[in-house]
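Trainee: After the structure tokens below, expect a handful of questions from me.
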Amino acid sequence: MGRILAIEGLTKSYPTGFWRKPVRVLSDLSFEVRENEIVGFLGPNGAGKTTTIKILNRLAFPDAGKVTLFGGQVRDGADVRRRIGFMPEQPYFYEYLTGGEFLRLCGQLCGLSRADTASRSSELLARVGLSGARETAIRKYSKGMMQRLGLAQALLHDPELVILDEPMSGLDPMGRMEVRGIIRDLKAAGKTVFFSSHILSDVEALCDRVIMLHKGRKVAEGRVEELIGAETLYIELVVSPVLPADRLAAAGIPPEAGYAQGALLVLRAPDNGQANRWIAGLLRERGTILSCVPVKKNLEEIFMERVGNSDGTGTVS
């Protein structure tokens, strides 16, 4: 697959305070996004995610470094930018327009015909769950509805690369599920998606690759399964009923190995061999094994390790 987006040595500082002292927010940042990938961009508040996304869209300009989109410099003009759909973290709307009127305006700005704009608007408003609010003034929209409208405008002109800054922000669980479905549909249609998020479970479920940022530097990058790794932390057994201490002892299980969760007993065996021995003992004691699951690290744990262990220079101790 070809390279859609590449960032090389990106550095950015902003002047702050009365004396306009520069504060660096990006330091020698480099990564790439390939065609038909879903790439998650992770980092704590202030890590530099939104600044990076602004630079990709020429809403901010780097002090040093290079951005390449579709094989050309990002400054190469409107033709390149027409191939990009962008939804900012806090979309701004003309609040006295209706949702339908706003998309008509966006269609004109994108150079779409009136017929194409009407067709795409109807399709996208239905896809994001706003068909019933098409004629409602945006000032009456909730935050979640505005997020949905922002996503619709980003997709209106059928872009090849979709850049989303916190697309799940402000959405209820149903809305998050719908946005995940839209992102998967974009990949199925051959599009490329680059998005930032604080919701690590969504990133883990959606992304082919992940880039982690901390204090303006990249601290990790790779495929989700590579970052998580194959190592099993422990084997979790769920047993019914909760056995008393004497029956656990008879099964060869120390009492500190588990805890009660309602009417169930949850045990953590350190390895497969111990899990098999406990299962045999539990069956002797007439316990019912409801599940036996190897537990691995999740993306949230990897993120906390990398961000927590970063020394602020981009290296991980």
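Chain identifiers are assigned as A, B, and so on, following the order in which chains appear in the structure tokens; residues are numbered from 1 within each chain, and ligands are numbered from 1 in order of appearance.
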What's the 10 Å shell around Tyr259 in chain A, counting only C-alpha atoms, without same-chain residues fewer than 6 positions away, as JSON, numbers by chain?
Mentor: {"A": [238, 242, 265, 266, 267, 268]}
Trainee: Go ahead and write the selection's residues with C-alpha atoms as a PDB file, in the first residue's frame.
Mentor:
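This is the output file result14.pdb:
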```pdb
ATOM      1  CA  VAL A 238     -14.830 -17.869  36.713  1.00  0.00           C
ATOM      2  CA  VAL A 242     -18.366 -19.288  45.605  1.00  0.00           C
ATOM      3  CA  LEU A 265     -15.778 -16.804  42.249  1.00  0.00           C
ATOM      4  CA  VAL A 266     -13.063 -15.212  40.107  1.00  0.00           C
ATOM      5  CA  LEU A 267      -9.592 -16.794  40.249  1.00  0.00           C
ATOM      6  CA  ARG A 268      -6.322 -15.687  38.697  1.00  0.00           C
TER       7      ARG A 268
END
```
Trainee: List every residue of range 92-264 of chain A that DSSP, applied to the backbone of this structure, places in strand (DSSP E or B), and write the result as a VMD selection string.
Mentor: chain A and resid 98 137 161 to 165 192 to 196 209 to 214 217 to 223 232 to 240 258 to 261 264
Trainee: Quick one: residues within 8 Å of Ile84 in chain A, only C-alpha atoms, excluding same-chain residues fewer than 3 positions away - as a short mmCIF file (atom, residue, chain, number, x, y, z; two decimals) with N, CA and C atoms, in the first residue's frame?
Mentor:
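The resulting out_38.cif:
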```cif
data_model
loop_
_atom_site.label_atom_id
_atom_site.label_comp_id
_atom_site.auth_asym_id
_atom_site.auth_seq_id
_atom_site.Cartn_x
_atom_site.Cartn_y
_atom_site.Cartn_z
N VAL A 80 -4.73 19.17 -3.45
CA VAL A 80 -4.39 18.17 -2.43
C VAL A 80 -5.38 18.24 -1.29
N ARG A 81 -5.72 19.45 -0.85
CA ARG A 81 -6.59 19.58 0.32
C ARG A 81 -8.02 19.12 0.03
N PRO A 159 -13.87 12.29 0.62
CA PRO A 159 -12.41 12.43 0.59
C PRO A 159 -11.70 11.08 0.66
N GLU A 160 -10.44 11.08 0.21
CA GLU A 160 -9.62 9.86 0.28
C GLU A 160 -9.02 9.69 1.67
N LEU A 161 -8.64 10.79 2.30
CA LEU A 161 -8.05 10.78 3.64
C LEU A 161 -8.98 11.53 4.58
N VAL A 162 -9.36 10.89 5.67
CA VAL A 162 -10.27 11.50 6.65
C VAL A 162 -9.49 11.70 7.95
N ILE A 163 -9.40 12.95 8.40
CA ILE A 163 -8.67 13.30 9.62
C ILE A 163 -9.70 13.78 10.65
#
```
Trainee: So which residues touch Glu32 in chain A within 9 Å, counting only C-alpha atoms, skipping near sequence neighbours fewer than 4 positions away, as a PyMOL selection string?
Mentor: chain A and resi 3-8
Trainee: Output all heavy atoms for every residue in that selection, as a PDB file, in the first residue's frame.
Mentor:
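What follows is the written file again.pdb:
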```
ATOM      1  N   ARG A   3       2.024   5.292   0.456  1.00  0.00           N
ATOM      2  CA  ARG A   3       2.063   6.216   1.589  1.00  0.00           C
ATOM      3  C   ARG A   3       1.172   7.411   1.289  1.00  0.00           C
ATOM      4  O   ARG A   3       1.375   8.120   0.309  1.00  0.00           O
ATOM      5  CB  ARG A   3       3.505   6.647   1.822  1.00  0.00           C
ATOM      6  CG  ARG A   3       3.717   7.384   3.117  1.00  0.00           C
ATOM      7  CD  ARG A   3       5.183   7.569   3.399  1.00  0.00           C
ATOM      8  NE  ARG A   3       5.816   8.446   2.424  1.00  0.00           N
ATOM      9  CZ  ARG A   3       7.083   8.871   2.510  1.00  0.00           C
ATOM     10  NH1 ARG A   3       7.849   8.447   3.503  1.00  0.00           N
ATOM     11  NH2 ARG A   3       7.586   9.670   1.591  1.00  0.00           N
ATOM     12  N   ILE A   4       0.172   7.629   2.133  1.00  0.00           N
ATOM     13  CA  ILE A   4      -0.764   8.751   1.971  1.00  0.00           C
ATOM     14  C   ILE A   4      -0.241  10.005   2.656  1.00  0.00           C
ATOM     15  O   ILE A   4      -0.325  11.112   2.122  1.00  0.00           O
ATOM     16  CB  ILE A   4      -2.145   8.373   2.563  1.00  0.00           C
ATOM     17  CG1 ILE A   4      -2.812   7.294   1.722  1.00  0.00           C
ATOM     18  CG2 ILE A   4      -3.041   9.605   2.681  1.00  0.00           C
ATOM     19  CD1 ILE A   4      -3.394   7.777   0.422  1.00  0.00           C
ATOM     20  N   LEU A   5       0.310   9.824   3.852  1.00  0.00           N
ATOM     21  CA  LEU A   5       0.721  10.947   4.698  1.00  0.00           C
ATOM     22  C   LEU A   5       2.068  10.626   5.316  1.00  0.00           C
ATOM     23  O   LEU A   5       2.292   9.508   5.796  1.00  0.00           O
ATOM     24  CB  LEU A   5      -0.335  11.165   5.795  1.00  0.00           C
ATOM     25  CG  LEU A   5       0.056  11.937   7.054  1.00  0.00           C
ATOM     26  CD1 LEU A   5       0.369  13.386   6.712  1.00  0.00           C
ATOM     27  CD2 LEU A   5      -1.050  11.864   8.096  1.00  0.00           C
ATOM     28  N   ALA A   6       2.972  11.589   5.305  1.00  0.00           N
ATOM     29  CA  ALA A   6       4.267  11.419   5.969  1.00  0.00           C
ATOM     30  C   ALA A   6       4.660  12.724   6.648  1.00  0.00           C
ATOM     31  O   ALA A   6       4.534  13.806   6.064  1.00  0.00           O
ATOM     32  CB  ALA A   6       5.340  11.016   4.967  1.00  0.00           C
ATOM     33  N   ILE A   7       5.105  12.599   7.878  1.00  0.00           N
ATOM     34  CA  ILE A   7       5.606  13.735   8.656  1.00  0.00           C
ATOM     35  C   ILE A   7       7.063  13.440   8.993  1.00  0.00           C
ATOM     36  O   ILE A   7       7.390  12.353   9.468  1.00  0.00           O
ATOM     37  CB  ILE A   7       4.782  13.931   9.933  1.00  0.00           C
ATOM     38  CG1 ILE A   7       3.435  14.578   9.604  1.00  0.00           C
ATOM     39  CG2 ILE A   7       5.526  14.772  10.956  1.00  0.00           C
ATOM     40  CD1 ILE A   7       2.532  14.752  10.799  1.00  0.00           C
ATOM     41  N   GLU A   8       7.946  14.401   8.749  1.00  0.00           N
ATOM     42  CA  GLU A   8       9.377  14.207   8.998  1.00  0.00           C
ATOM     43  C   GLU A   8       9.923  15.371   9.817  1.00  0.00           C
ATOM     44  O   GLU A   8       9.884  16.519   9.375  1.00  0.00           O
ATOM     45  CB  GLU A   8      10.143  14.104   7.675  1.00  0.00           C
ATOM     46  CG  GLU A   8       9.699  12.956   6.794  1.00  0.00           C
ATOM     47  CD  GLU A   8      10.399  12.985   5.441  1.00  0.00           C
ATOM     48  OE1 GLU A   8      11.608  13.291   5.410  1.00  0.00           O
ATOM     49  OE2 GLU A   8       9.729  12.733   4.428  1.00  0.00           O
TER      50      GLU A   8
END
```
Trainee: Quick one: contact table of range 142-199 of chain A to range 39-42 of chain A, 6 Å max, nearest atom pair and distance in Å to one decimal per residue, counting only C-alpha atoms, chain and number order, as a Markdown table?
Mentor:
```
| residue | atom | partner | partner_atom | distance |
| --- | --- | --- | --- | --- |
| A:Phe194 | CA | A:Val39 | CA | 4.9 |
| A:Phe195 | CA | A:Gly40 | CA | 5.3 |
| A:Ser196 | CA | A:Phe41 | CA | 4.4 |
```
Trainee: Out of A:Cys207, A:Leu130, A:Ala137, A:Met174, which residue has the shortest atom-to-atom distance to Leu149 in chain A when counting only C-alpha atoms?
Mentor: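 Once distances to Leu149 in chain A are computed over only C-alpha atoms, the minimum belongs to A:Leu130.
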Trainee: Given only C-alpha atoms as the basis, pick out the residue of A:Leu248, A:Leu59, A:Phe303, A:Gly72 nearest to Ile211 in chain A.
Mentor: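 For Ile211 in chain A, the nearest of the candidates is A:Phe303.
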